[in-house]
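Peer 1: Sharing a structure below in structure tokens format, with a few things to ask.
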Amino acid sequence: MCAETVPAPAPPIDADALRASDFPWTAETIYLNNASIGPLPERTLQALDAFNRRRTMPFTLPDRDLFGTLTTSRRLVSQLLSVAPEEIALTVNTGFGLSVIARALPLERGDRVLVSDKEFPANVYPWMRLREIGVEMELVPTTADGWPDEMRLLERLADPRVRVLAVSLVQFSNGYLADLAALSDATRRTGAYLVVDAIQGVGQIPVDLSRTQVDVLSCGAQKWLLSPWGSGFVYVRRELIPRLSPPVTGWMAFEGTDDFTRLTSYHDTLRGDARRFELITLPYQDFAGMNASLGLVHELGVRRIADHLQTLHAPVLDWADRTGVRVASPRGARGTGILCIAPPEVDRVFRALKAARIICSLREGAIRLSPHAYNTVAEMERVVEVLAAESGRTTA
Ligand SMILES: Cc1ncc(COP(=O)(O)O)c(C=O)c1O
């Protein structure tokens, strides 16, 4: 019998070192709002500055470097999702990717798109607008907890008119993690397209599309991927690409357009890879910044980030359990790095946190705490101090 070598568990994230190297302002402010805006790491700021410095002298930015930047972006994103770079199109935000795909899918009058109620609007309006071509969006009510009702979604998939299921990987208002494996199995059985809005998940929870098949995944990089506004991507499953005709076309969406000496030799064959969905010219500087940020995310490792976030939640969850304050986020398998709590007089408690320089959000009646790799347990204990002081005032 030969002994199997079990890889040693990765050491936890050294948040103090990370704060010192890339997030120096954390000495003054407790920032727990990554589900709204991810801060740019210092290394990303430096990459942006260096790139923009070259932009002041465009002759220092040859095409080779510009397109090389985008090639690197597609590669880094593909590694994050365990897919091929050819399946990645760069976009400027989540909504753009979803809108393009909503119009590119081969849908017909009478078809239906399933969407859970309470989804972020970027994953609602592109589908709602398909009414113009006779495709109905069906909003499936959430459970009593306010989470997507996946049992109901699975049941509704049995309706042959349902051609698309569009879900957020992680719900913006409570952090609920979709059971992607179950939804993937079901859509594969019925042949419906599975489209995922992944902006609240990629970077904070591991995503492996080589294990769980989805058809399309759209993501802006401005939150959990700590990247500039204007950077994002859409994944389209390889087999689907040739079947999807983009409703808007960039001038490099076609085969043969890499040869800038013959631009007016027009081509009518769309690229065979996901670049057929790209609207060139893209904001190169933002993708140069995104590459630096993705470098950091890869260095830290998404699994380690996810584990770190669970450690950070513990003090707040302990306090909520001790005091009976409602936790509006799921725990266990459906939980993520987004933690929502709903104490009585939530508006007042939220204002108290703000006054204590603790930055978070108020969403759908709950305080949303969304820490990242650079946050510490000591910061979360400070949150508990403020929550406890405010709750004392409530009951006094
Ligand atoms: C689930 C979800 N989708 C999309 C967005 C943003 O979309 P976009 O990248 O198009 O601005 C957000 C947050 O702003 C979100 O929480």
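We label chains A, B, ... in the order they appear in the structure tokens, count residues from 1 in each chain, and number ligands from 1 in the order shown.
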As a ChimeraX atom specification, please: all residues of range 8-235 of chain A that backbone DSSP puts in strand (DSSP E or B).
Peer 2: /A:30-31,33,88-91,112-116,136-140,162-168,170,177,193-197,202,205,216-220,232-235
Peer 1: Report as a count of residues only all protein, DNA and RNA residues lying within 10 Å of range 351-364 of chain A, evaluated on only C-alpha atoms, omitting residues in the same chain fewer than 3 positions from it.
Peer 2: 36
Peer 1: Kindly compile the residues surrounding ligand 1 within 9 Å, counting only C-alpha atoms and all ligand atoms, and format them as a PyMOL selection string.
Peer 2: chain A and resi 35-37+92-98+119-123+167-173+197-201+218-223+229-232
Peer 1: In Å, how far is it from CA of Pro126 in chain A to CA of Ala104 in chain A?
Peer 2: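 Distance reported for this atom pair: 11.4 Å.
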Peer 1: Have a look at A:Leu282, A:Leu139, A:Val248, A:Leu209 and name the one nearest to Phe67 in chain A; count only C-alpha atoms.
Peer 2: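 Between A:Leu282, A:Leu139, A:Val248, A:Leu209, the residue approaching Phe67 in chain A most closely is A:Leu282.
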Peer 1: Run DSSP on the backbone and grab whatever in range 219-335 of chain A lands in alpha helix (DSSP H); send it over as a PyMOL selection string.
Peer 2: chain A and resi 284-300+302-323
Peer 1: For Thr71 in chain A, please output as JSON, numbers by chain all residues within 12 Å (counting only C-alpha atoms; exclusion window: fewer than 4 positions along the same chain).
Peer 2: {"A": [63, 64, 65, 66, 67, 75, 76, 77, 78, 84, 85, 86, 88, 89, 90, 275, 284, 287, 288, 291]}
Peer 1: If we count only C-alpha atoms, what is near Asp14 in chain A at a cut-off of 9 Å, once residues fewer than 5 positions away on the same chain are taken out, given as a PDB file with N, CA and C atoms, in the first residue's frame?
Peer 2:
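In the end it all went to around_36.pdb:
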```pdb
ATOM      1  N   ARG A  19      -2.449  44.772   4.470  1.00  0.00           N
ATOM      2  CA  ARG A  19      -2.847  46.167   4.746  1.00  0.00           C
ATOM      3  C   ARG A  19      -1.658  47.094   4.535  1.00  0.00           C
ATOM      4  N   ALA A 373     -10.167  40.437   2.029  1.00  0.00           N
ATOM      5  CA  ALA A 373      -8.950  39.807   2.551  1.00  0.00           C
ATOM      6  C   ALA A 373      -8.177  40.701   3.511  1.00  0.00           C
ATOM      7  N   TYR A 374      -8.291  42.022   3.353  1.00  0.00           N
ATOM      8  CA  TYR A 374      -7.482  42.948   4.153  1.00  0.00           C
ATOM      9  C   TYR A 374      -8.146  43.310   5.483  1.00  0.00           C
TER      10      TYR A 374
END
```
Peer 1: Which residue, A:Glu150, A:Asp268, A:Glu42, A:Glu108, has the smallest gap to Leu18 in chain A when you use only C-alpha atoms?
Peer 2: A:Glu42
Peer 1: Find the residue from A:Ser116, A:Gln204, A:Thr56, A:Thr257 that sits nearest to Val302 in chain A; use only C-alpha atoms when measuring.
Peer 2: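 Under the stated criterion, the closest residue is A:Gln204.
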